[in-house]
Amino acid sequence: MIQLSAVIITYNEEKNIGRCLLSLQGVVDEIVVVDSMSTDTTIAICNQYGVRIISHAFEGHIQQKNYAASQASYEWVLSLDADECLDETLRNEIIRVKNSVEVDGYSMNRLTNYCGQWIKHGGWYPDIKLRLWNRHQGQWGGINPHDKFELYDSAAPNIHLKGNILHYSYYTIEEHRNRSMHYAEISAQHLFELKKNISMPMIFIKTISKFIRNYFLHAGFLDGAYGYTIAIISAQETHRKYRLLKELHKKSLLH
């Protein structure tokens with residue numbers, strides 16, 4: 001049987017962290033929480049579960065998660081966000097994997113709870129994530145803040161597990177709107193650093209396409225009013241991201 005480390009990054013997650021840690025009990029052999037100086041009761045809650053806590057300044061989602069993985073004691077790592085937890089089926093699947101490892105990475109579905117409603121359309125489900133892996137075989141990549149784990153061998157097989165990561169994303173629409181605008185700023189800066197640019201017509205096309213894809217092609221309308229709200233805010237985030245990217249390029253030309 002392999003030994004397994006769970007790694008979690010936190011900042012002011014008192015609403016969520018207890019649920020996350022509880023779902024890991026009896027599944028993992030170690031829990032490592034990398035906290036970026038929380039000012040609420042996150043640390044106190046973590047102490048109740050006997051986890052190993054490391055304080056580390058936040059450098060970006062990708063950087064923070066790679067740092068957290070590097071702090072694991074064991075070769076095998078399970079990564080969760082603080083607002084996520086394992087359902088019972090997935091708990092049992094991971095325990096089974098610990099007894100019989102077959103590949104270097106395991107993926108799983110993520111089911112998101114939005115303002116109290118489970119969202120099953122609009123591109124939000126199954127939202128497949130690779131979250132269980134041999135930490136010597138890959139690392140976090142993607143574009144901040146939308147990180148994803150990538151095996152070094154992109155052609156290497158991974159096995160998909162039954163069950164869901166339960167993701168308690170947003171408690172209010174305003175919280176979603178504020179975070180999406182913040183994420184747009186981070187994404188624009190990252191794209192600018194990668195020397196990406198975009199034309200005004202393409203900003204319009206990408207914004208409209210985002211809404212059409214999520215609401216119609218991915219059947220977001222089946223999630224009712226929240227499906228529409230999610231599609232609108234996602235389109236607004238896309239628009240803001242690329243408008244900010246244009247502004248960054250304009251400012252750079254003035255210096």
# chains A, B, ... in the order shown; residues from 1 in each chain; ligands from 1

call {"tool": "residues_around", "arguments": {"residues": "Lys196 in chain A", "least_positions_apart": "6", "cutoff": "12 Å", "atoms": "only C-alpha atoms", "output": "list in words"}}
result
Ser187, Ala188, Gln189, His190, Lys241, Tyr242, Leu244, Leu245, Lys246, Leu248 and His249 of chain A

call {"tool": "residues_around", "arguments": {"residues": "Arg213 in chain A", "least_positions_apart": "3", "cutoff": "12 Å", "atoms": "only C-alpha atoms", "output": "list in words"}}
result
His121, Gly122, Gly123, Trp124, Ile205, Lys206, Thr207, Ile208, Ser209, Lys210, Phe216, Leu217, His218, Ala219, Gly220, Phe221, Tyr228, Ile230, Ala231, Ile232, Ser234 and Ala235 of chain A

call {"tool": "write_last_selection", "arguments": {"atoms": "C-alpha atoms", "output": "mmCIF file, in the first residue's frame"}}
result
data_model
loop_
_atom_site.group_PDB
_atom_site.id
_atom_site.type_symbol
_atom_site.label_atom_id
_atom_site.label_comp_id
_atom_site.auth_asym_id
_atom_site.auth_seq_id
_atom_site.Cartn_x
_atom_site.Cartn_y
_atom_site.Cartn_z
ATOM 1 C CA HIS A 121 -24.348 21.960 -17.230
ATOM 2 C CA GLY A 122 -22.809 25.018 -18.856
ATOM 3 C CA GLY A 123 -19.370 23.437 -19.039
ATOM 4 C CA TRP A 124 -19.156 23.168 -15.257
ATOM 5 C CA ILE A 205 -16.142 37.614 -30.758
ATOM 6 C CA LYS A 206 -14.605 35.833 -27.761
ATOM 7 C CA THR A 207 -17.048 37.450 -25.349
ATOM 8 C CA ILE A 208 -20.119 36.450 -27.356
ATOM 9 C CA SER A 209 -18.690 33.004 -28.062
ATOM 10 C CA LYS A 210 -18.124 32.412 -24.365
ATOM 11 C CA PHE A 216 -26.468 27.070 -25.377
ATOM 12 C CA LEU A 217 -23.849 24.552 -26.533
ATOM 13 C CA HIS A 218 -23.169 23.267 -23.006
ATOM 14 C CA ALA A 219 -26.846 23.576 -22.031
ATOM 15 C CA GLY A 220 -26.369 26.062 -19.205
ATOM 16 C CA PHE A 221 -30.044 26.945 -19.611
ATOM 17 C CA TYR A 228 -27.909 32.164 -17.107
ATOM 18 C CA ILE A 230 -23.013 31.957 -14.660
ATOM 19 C CA ALA A 231 -22.917 32.324 -18.461
ATOM 20 C CA ILE A 232 -23.238 36.114 -18.222
ATOM 21 C CA SER A 234 -18.198 34.167 -17.503
ATOM 22 C CA ALA A 235 -18.659 36.278 -20.630
#

call {"tool": "residues_around", "arguments": {"residues": "Leu80 in chain A", "least_positions_apart": "3", "cutoff": "7 Å", "atoms": "only C-alpha atoms", "output": "list of chain:residue names"}}
result
A:Val7, A:Ile8, A:Glu84

call {"tool": "write_last_selection", "arguments": {"atoms": "C-alpha atoms", "output": "compact mmCIF listing (two decimals), in the first residue's frame"}}
result
# COMPACT_ATOMS: atom_id res chain seq x y z
CA VAL A 7 -1.87 19.15 0.02
CA ILE A 8 -4.10 22.23 0.30
CA GLU A 84 -13.47 21.27 -2.11

call {"tool": "closest_residue", "arguments": {"among": "A:Cys115, A:Ile233, A:Leu194, A:Ile43", "to": "Phe211 in chain A", "atoms": "only C-alpha atoms"}}
result
A:Ile233

call {"tool": "closest_residue", "arguments": {"among": "A:Asn99, A:Ser5, A:Asn164, A:Ser252", "to": "Leu24 in chain A", "atoms": "only C-alpha atoms"}}
result
A:Ser5

call {"tool": "closest_residue", "arguments": {"among": "A:Ser100, A:Gln117, A:Asn92, A:Gln64", "to": "Tyr168 in chain A", "atoms": "only C-alpha atoms"}}
result
A:Gln117

call {"tool": "closest_residue", "arguments": {"among": "A:Gln48, A:Asn158, A:Thr238, A:Ser73", "to": "Glu102 in chain A", "atoms": "only C-alpha atoms"}}
result
A:Asn158

call {"tool": "atom_distance", "arguments": {"atom1": "CA of Trp76 in chain A", "atom2": "CA of Leu90 in chain A"}}
result
16.5 Å

call {"tool": "decode", "arguments": {"residues": "range 161-239 of chain A", "atoms": "C-alpha atoms", "output": "JSON list (two decimals), in the first residue's frame"}}
result
[["chain", "number", "residue", "atom", "x", "y", "z"],
["A", 161, "LEU", "CA", -12.05, 7.50, -10.73],
["A", 162, "LYS", "CA", -15.72, 7.22, -9.78],
["A", 163, "GLY", "CA", -17.29, 9.83, -7.53],
["A", 164, "ASN", "CA", -16.90, 13.59, -7.30],
["A", 165, "ILE", "CA", -14.86, 16.33, -5.80],
["A", 166, "LEU", "CA", -17.58, 18.52, -4.29],
["A", 167, "HIS", "CA", -16.73, 22.15, -4.96],
["A", 168, "TYR", "CA", -18.45, 24.81, -2.84],
["A", 169, "SER", "CA", -17.52, 27.68, -5.11],
["A", 170, "TYR", "CA", -19.68, 30.74, -4.45],
["A", 171, "TYR", "CA", -22.17, 31.50, -1.70],
["A", 172, "THR", "CA", -23.49, 34.66, -3.40],
["A", 173, "ILE", "CA", -23.66, 36.00, -6.96],
["A", 174, "GLU", "CA", -21.75, 39.09, -5.85],
["A", 175, "GLU", "CA", -18.91, 36.90, -4.61],
["A", 176, "HIS", "CA", -18.76, 35.24, -8.04],
["A", 177, "ARG", "CA", -18.80, 38.58, -9.84],
["A", 178, "ASN", "CA", -16.04, 40.06, -7.68],
["A", 179, "ARG", "CA", -13.79, 37.02, -7.94],
["A", 180, "SER", "CA", -14.26, 36.74, -11.71],
["A", 181, "MET", "CA", -13.18, 40.36, -12.17],
["A", 182, "HIS", "CA", -10.15, 39.69, -9.98],
["A", 183, "TYR", "CA", -9.32, 36.58, -12.01],
["A", 184, "ALA", "CA", -9.63, 38.63, -15.20],
["A", 185, "GLU", "CA", -6.94, 40.99, -13.90],
["A", 186, "ILE", "CA", -4.59, 38.12, -13.04],
["A", 187, "SER", "CA", -5.16, 36.44, -16.42],
["A", 188, "ALA", "CA", -4.61, 39.67, -18.35],
["A", 189, "GLN", "CA", -1.30, 40.27, -16.58],
["A", 190, "HIS", "CA", -0.16, 36.72, -17.27],
["A", 191, "LEU", "CA", -1.11, 36.97, -20.95],
["A", 192, "PHE", "CA", 0.72, 40.28, -21.20],
["A", 193, "GLU", "CA", 3.85, 38.72, -19.72],
["A", 194, "LEU", "CA", 3.56, 35.98, -22.35],
["A", 195, "LYS", "CA", 3.49, 38.78, -24.98],
["A", 196, "LYS", "CA", -0.04, 37.89, -26.09],
["A", 197, "ASN", "CA", -2.26, 40.51, -27.69],
["A", 198, "ILE", "CA", -5.72, 40.70, -29.23],
["A", 199, "SER", "CA", -7.74, 42.94, -31.56],
["A", 200, "MET", "CA", -10.94, 44.73, -30.55],
["A", 201, "PRO", "CA", -13.09, 42.66, -32.96],
["A", 202, "MET", "CA", -11.68, 39.47, -31.45],
["A", 203, "ILE", "CA", -12.56, 40.67, -27.93],
["A", 204, "PHE", "CA", -16.17, 41.00, -29.05],
["A", 205, "ILE", "CA", -16.14, 37.61, -30.76],
["A", 206, "LYS", "CA", -14.61, 35.83, -27.76],
["A", 207, "THR", "CA", -17.05, 37.45, -25.35],
["A", 208, "ILE", "CA", -20.12, 36.45, -27.36],
["A", 209, "SER", "CA", -18.69, 33.00, -28.06],
["A", 210, "LYS", "CA", -18.12, 32.41, -24.37],
["A", 211, "PHE", "CA", -21.78, 33.06, -23.59],
["A", 212, "ILE", "CA", -23.08, 31.01, -26.52],
["A", 213, "ARG", "CA", -20.83, 28.07, -25.67],
["A", 214, "ASN", "CA", -21.72, 27.96, -21.96],
["A", 215, "TYR", "CA", -25.43, 28.79, -22.16],
["A", 216, "PHE", "CA", -26.47, 27.07, -25.38],
["A", 217, "LEU", "CA", -23.85, 24.55, -26.53],
["A", 218, "HIS", "CA", -23.17, 23.27, -23.01],
["A", 219, "ALA", "CA", -26.85, 23.58, -22.03],
["A", 220, "GLY", "CA", -26.37, 26.06, -19.21],
["A", 221, "PHE", "CA", -30.04, 26.94, -19.61],
["A", 222, "LEU", "CA", -30.90, 23.61, -17.98],
["A", 223, "ASP", "CA", -29.56, 24.99, -14.69],
["A", 224, "GLY", "CA", -32.24, 27.67, -14.71],
["A", 225, "ALA", "CA", -31.60, 31.24, -13.53],
["A", 226, "TYR", "CA", -28.20, 30.38, -12.09],
["A", 227, "GLY", "CA", -27.17, 28.84, -15.41],
["A", 228, "TYR", "CA", -27.91, 32.16, -17.11],
["A", 229, "THR", "CA", -26.11, 34.15, -14.40],
["A", 230, "ILE", "CA", -23.01, 31.96, -14.66],
["A", 231, "ALA", "CA", -22.92, 32.32, -18.46],
["A", 232, "ILE", "CA", -23.24, 36.11, -18.22],
["A", 233, "ILE", "CA", -20.52, 36.51, -15.59],
["A", 234, "SER", "CA", -18.20, 34.17, -17.50],
["A", 235, "ALA", "CA", -18.66, 36.28, -20.63],
["A", 236, "GLN", "CA", -18.03, 39.46, -18.63],
["A", 237, "GLU", "CA", -14.83, 37.96, -17.24],
["A", 238, "THR", "CA", -13.66, 37.12, -20.77],
["A", 239, "HIS", "CA", -14.41, 40.66, -21.95]]
